[in-house]
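Novice: Please read through the structure below; I'll follow up with questions.
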Amino acid sequence: MRLSVLLSVASLTSASSHLPPTQHIFSNPETDSTYKIPTVHESAIQARRILHLETIGTLSTVFPTTHDAENRPGDVSGTPIGLMDYFGDCEPDTGNPTILAISIATSFKNVAAGSNITLSLRWHPPYAHNTPYSAASMPRFSLVGHLEYLTPEEIASQHVPACFVKYHPDSAAWLPGNRIHESKWARLVVEDVYWIGGFGDRAYIGWIPLDEWKSVTKKEIEQCRLPGEKKSGWGFPWASWLGLDGQQQSQGEFVDL
């Protein structure tokens, strides 16, 4: 038992000796790096692919200063709160995620009271369940914007219910018109995008301009490969992303443009 623990510690110590200097891990370095940092557009492509593949994020809103008929502490007024919610990439031409807004839910009550809203996402490597990896090295980002409710014409022409249920089969129980809760189809109209691609010496960290977010094509999204996305490449990409293989890698390893 002790031997296995010692070996594990030794392995981690050896791996950590190959990590980049700590001052470069969480920020874009000012000096040349041995790794090619993805461009802003390449980062936008990765973000759009995460939006396409992931289905659950965190909606952040702010409690209003006044409230009616709700039993909550008065001292939370003006306090932000982040809650898990479903979304779907049902408007790929715009990059605006589709949300099924439940009127009674806290996030949407806060929005109705005037709060702004942010959707935060992170990449979960699909083949990582049996392989240790650093979550801090994986891409994540936040979409800042406002909710806009869809018209009946938009819902029909974009086949919104079918698209959303494909992402979330269980949501069929609370689609608009259900007998449990009032719900409405909405889009989060993206106004700003803040991106953290991973460790700062090998990934872009910063704002992605809205025109870059919108200019990403369907082909670019389909060709993009995120760290750990390929079964055959899981062991290699995550080690490379951390710099553990000791070799120079280019963005092409992860995004086939």
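Residue names in the structure tokens use chain letters A, B, ... in the order shown, residue numbers from 1 in each chain, and ligand numbers from 1 in the order shown.
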List the neighbours of Ala203 in chain A out to 7 Å using only C-alpha atoms; skip same-chain residues closer than 3 positions along the sequence, and give me the result as a ChimeraX atom specification.
Specialist: /A:37-38,197-200
Novice: Output N, CA, C and O atoms for every residue in the selection just made, as a PDB file, in the first residue's frame.
Specialist:
```
ATOM      1  N   ILE A  37       0.498  29.677 -29.307  1.00  0.00           N
ATOM      2  CA  ILE A  37      -0.779  30.031 -28.702  1.00  0.00           C
ATOM      3  C   ILE A  37      -1.806  30.180 -29.808  1.00  0.00           C
ATOM      4  O   ILE A  37      -1.563  30.867 -30.802  1.00  0.00           O
ATOM      5  N   PRO A  38      -2.973  29.547 -29.697  1.00  0.00           N
ATOM      6  CA  PRO A  38      -4.017  29.667 -30.717  1.00  0.00           C
ATOM      7  C   PRO A  38      -4.400  31.125 -30.944  1.00  0.00           C
ATOM      8  O   PRO A  38      -4.358  31.944 -30.024  1.00  0.00           O
ATOM      9  N   GLY A 197      -8.708  29.493 -22.576  1.00  0.00           N
ATOM     10  CA  GLY A 197      -8.453  28.295 -23.347  1.00  0.00           C
ATOM     11  C   GLY A 197      -7.688  27.215 -22.610  1.00  0.00           C
ATOM     12  O   GLY A 197      -7.557  26.101 -23.109  1.00  0.00           O
ATOM     13  N   GLY A 198      -7.190  27.528 -21.420  1.00  0.00           N
ATOM     14  CA  GLY A 198      -6.374  26.587 -20.657  1.00  0.00           C
ATOM     15  C   GLY A 198      -5.230  27.336 -20.017  1.00  0.00           C
ATOM     16  O   GLY A 198      -5.378  28.505 -19.639  1.00  0.00           O
ATOM     17  N   PHE A 199      -4.073  26.697 -19.910  1.00  0.00           N
ATOM     18  CA  PHE A 199      -2.908  27.376 -19.356  1.00  0.00           C
ATOM     19  C   PHE A 199      -2.458  28.475 -20.321  1.00  0.00           C
ATOM     20  O   PHE A 199      -2.410  28.277 -21.540  1.00  0.00           O
ATOM     21  N   GLY A 200      -2.094  29.616 -19.754  1.00  0.00           N
ATOM     22  CA  GLY A 200      -1.849  30.802 -20.570  1.00  0.00           C
ATOM     23  C   GLY A 200      -0.627  30.766 -21.460  1.00  0.00           C
ATOM     24  O   GLY A 200      -0.508  31.609 -22.354  1.00  0.00           O
TER      25      GLY A 200
END
```
Novice: Write out as JSON, numbers by chain each polymer residue whose atoms come within 7 Å of Leu59 in chain A, counting only C-alpha atoms; drop sequence neighbours fewer than 2 positions from it.
Specialist: {"A": [57, 61, 82, 83, 84, 85, 107, 117, 118, 119, 120]}
Novice: List the spatial neighbours of Arg49 in chain A as number ranges by chain - criterion: any atom at most 12 Å away, only C-alpha atoms, same-chain residues fewer than 2 positions off excluded.
Specialist: A: 42-47, 51-55, 89, 92, 95, 121-123, 139-141, 213, 216-227, 229, 254-255
Novice: Residues as selected, N, CA and C atoms, written as a compact mmCIF listing (two decimals), in the first residue's frame, can you do that?
Specialist:
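Heads up, here's the output in selection.txt:
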```txt
# COMPACT_ATOMS: atom_id res chain seq x y z
N GLU A 42 -9.07 30.94 -33.91
CA GLU A 42 -9.01 29.53 -33.56
C GLU A 42 -9.68 29.27 -32.22
N SER A 43 -9.51 30.20 -31.29
CA SER A 43 -10.17 30.08 -29.99
C SER A 43 -11.68 30.19 -30.14
N ALA A 44 -12.12 31.08 -31.03
CA ALA A 44 -13.56 31.21 -31.29
C ALA A 44 -14.13 29.91 -31.85
N ILE A 45 -13.37 29.25 -32.72
CA ILE A 45 -13.82 27.97 -33.28
C ILE A 45 -13.96 26.94 -32.17
N GLN A 46 -12.98 26.87 -31.28
CA GLN A 46 -13.06 25.93 -30.16
C GLN A 46 -14.28 26.21 -29.30
N ALA A 47 -14.51 27.50 -29.03
CA ALA A 47 -15.67 27.86 -28.20
C ALA A 47 -16.98 27.46 -28.86
N LEU A 51 -19.86 24.85 -27.55
CA LEU A 51 -21.29 25.19 -27.53
C LEU A 51 -22.09 24.12 -28.26
N HIS A 52 -21.52 23.57 -29.33
CA HIS A 52 -22.22 22.57 -30.13
C HIS A 52 -22.28 21.20 -29.44
N LEU A 53 -21.24 20.86 -28.68
CA LEU A 53 -21.15 19.52 -28.08
C LEU A 53 -21.67 19.45 -26.65
N GLU A 54 -21.45 20.49 -25.87
CA GLU A 54 -21.93 20.48 -24.49
C GLU A 54 -23.42 20.80 -24.46
N THR A 55 -24.08 20.43 -23.38
CA THR A 55 -25.52 20.64 -23.28
C THR A 55 -25.96 21.29 -21.97
N ASP A 89 -27.63 24.07 -28.98
CA ASP A 89 -27.09 24.83 -30.11
C ASP A 89 -28.07 24.72 -31.27
N PRO A 92 -27.25 27.52 -35.06
CA PRO A 92 -25.82 27.49 -35.38
C PRO A 92 -25.36 28.63 -36.26
N GLY A 95 -24.87 31.50 -33.40
CA GLY A 95 -24.08 31.25 -32.20
C GLY A 95 -24.82 31.65 -30.94
N LEU A 121 -19.76 27.94 -19.73
CA LEU A 121 -19.59 26.57 -20.20
C LEU A 121 -18.14 26.14 -19.99
N ARG A 122 -17.94 24.82 -19.88
CA ARG A 122 -16.58 24.29 -19.89
C ARG A 122 -16.58 22.96 -20.63
N TRP A 123 -15.42 22.63 -21.16
CA TRP A 123 -15.26 21.41 -21.94
C TRP A 123 -14.99 20.23 -21.03
N PRO A 139 -10.48 24.08 -21.88
CA PRO A 139 -11.11 25.35 -22.24
C PRO A 139 -12.43 25.58 -21.51
N ARG A 140 -12.72 26.84 -21.21
CA ARG A 140 -14.00 27.25 -20.65
C ARG A 140 -14.24 28.71 -21.03
N PHE A 141 -15.49 29.12 -21.00
CA PHE A 141 -15.79 30.49 -21.40
C PHE A 141 -17.17 30.91 -20.91
N TRP A 213 -16.83 35.58 -33.14
CA TRP A 213 -17.77 34.56 -32.66
C TRP A 213 -18.78 34.22 -33.74
N VAL A 216 -17.56 32.24 -37.33
CA VAL A 216 -17.18 30.82 -37.37
C VAL A 216 -18.17 30.05 -38.24
N THR A 217 -17.65 29.24 -39.15
CA THR A 217 -18.51 28.51 -40.07
C THR A 217 -18.82 27.11 -39.55
N LYS A 218 -19.86 26.50 -40.12
CA LYS A 218 -20.24 25.14 -39.76
C LYS A 218 -19.09 24.18 -40.07
N LYS A 219 -18.40 24.39 -41.17
CA LYS A 219 -17.28 23.52 -41.55
C LYS A 219 -16.17 23.60 -40.52
N GLU A 220 -15.87 24.81 -40.05
CA GLU A 220 -14.81 24.96 -39.04
C GLU A 220 -15.19 24.24 -37.75
N ILE A 221 -16.45 24.33 -37.36
CA ILE A 221 -16.90 23.66 -36.15
C ILE A 221 -16.79 22.15 -36.30
N GLU A 222 -17.16 21.63 -37.46
CA GLU A 222 -17.11 20.18 -37.71
C GLU A 222 -15.68 19.67 -37.74
N GLN A 223 -14.75 20.47 -38.25
CA GLN A 223 -13.36 20.02 -38.38
C GLN A 223 -12.57 20.19 -37.09
N CYS A 224 -13.04 21.02 -36.20
CA CYS A 224 -12.32 21.28 -34.95
C CYS A 224 -12.29 20.04 -34.07
N ARG A 225 -11.18 19.80 -33.41
CA ARG A 225 -11.06 18.72 -32.43
C ARG A 225 -10.50 19.30 -31.14
N LEU A 226 -11.25 19.13 -30.06
CA LEU A 226 -10.86 19.64 -28.76
C LEU A 226 -9.96 18.65 -28.04
N PRO A 227 -9.22 19.10 -27.02
CA PRO A 227 -8.35 18.18 -26.28
C PRO A 227 -9.13 17.00 -25.73
N GLU A 229 -10.79 14.75 -27.41
CA GLU A 229 -12.02 14.40 -28.12
C GLU A 229 -11.91 13.09 -28.88
N PHE A 254 -4.99 20.14 -32.37
CA PHE A 254 -6.29 20.11 -31.75
C PHE A 254 -7.38 20.67 -32.66
N VAL A 255 -7.02 21.55 -33.57
CA VAL A 255 -8.00 22.12 -34.49
C VAL A 255 -7.52 21.88 -35.91
```
Novice: Tell me which of A:Arg72, A:Tyr204, A:Val189, A:Pro125 sits closest to Lys230 in chain A, counting only C-alpha atoms.
Specialist: A:Pro125
Novice: I need the helix (DSSP H, G or I) residues of range 38-228 of chain A per DSSP on the backbone, written as a ChimeraX atom specification.
Specialist: /A:40-53,74-76,106-112,135-137,152-157,160-167,169-174,210-215,218-223
Novice: Excluding same-chain residues fewer than 2 positions from range 99-106 of chain A, what lies within 8 Å of it counting only C-alpha atoms, as a PyMOL selection string?
Specialist: chain A and resi 86-88+97+108-110+175+181-188
Novice: Taking the DSSP secondary structure from the backbone, can you list the residues of range 66-179 of chain A that are strand (DSSP E), as a PyMOL selection string?
Specialist: chain A and resi 80-86+98-102+117-122+140-149
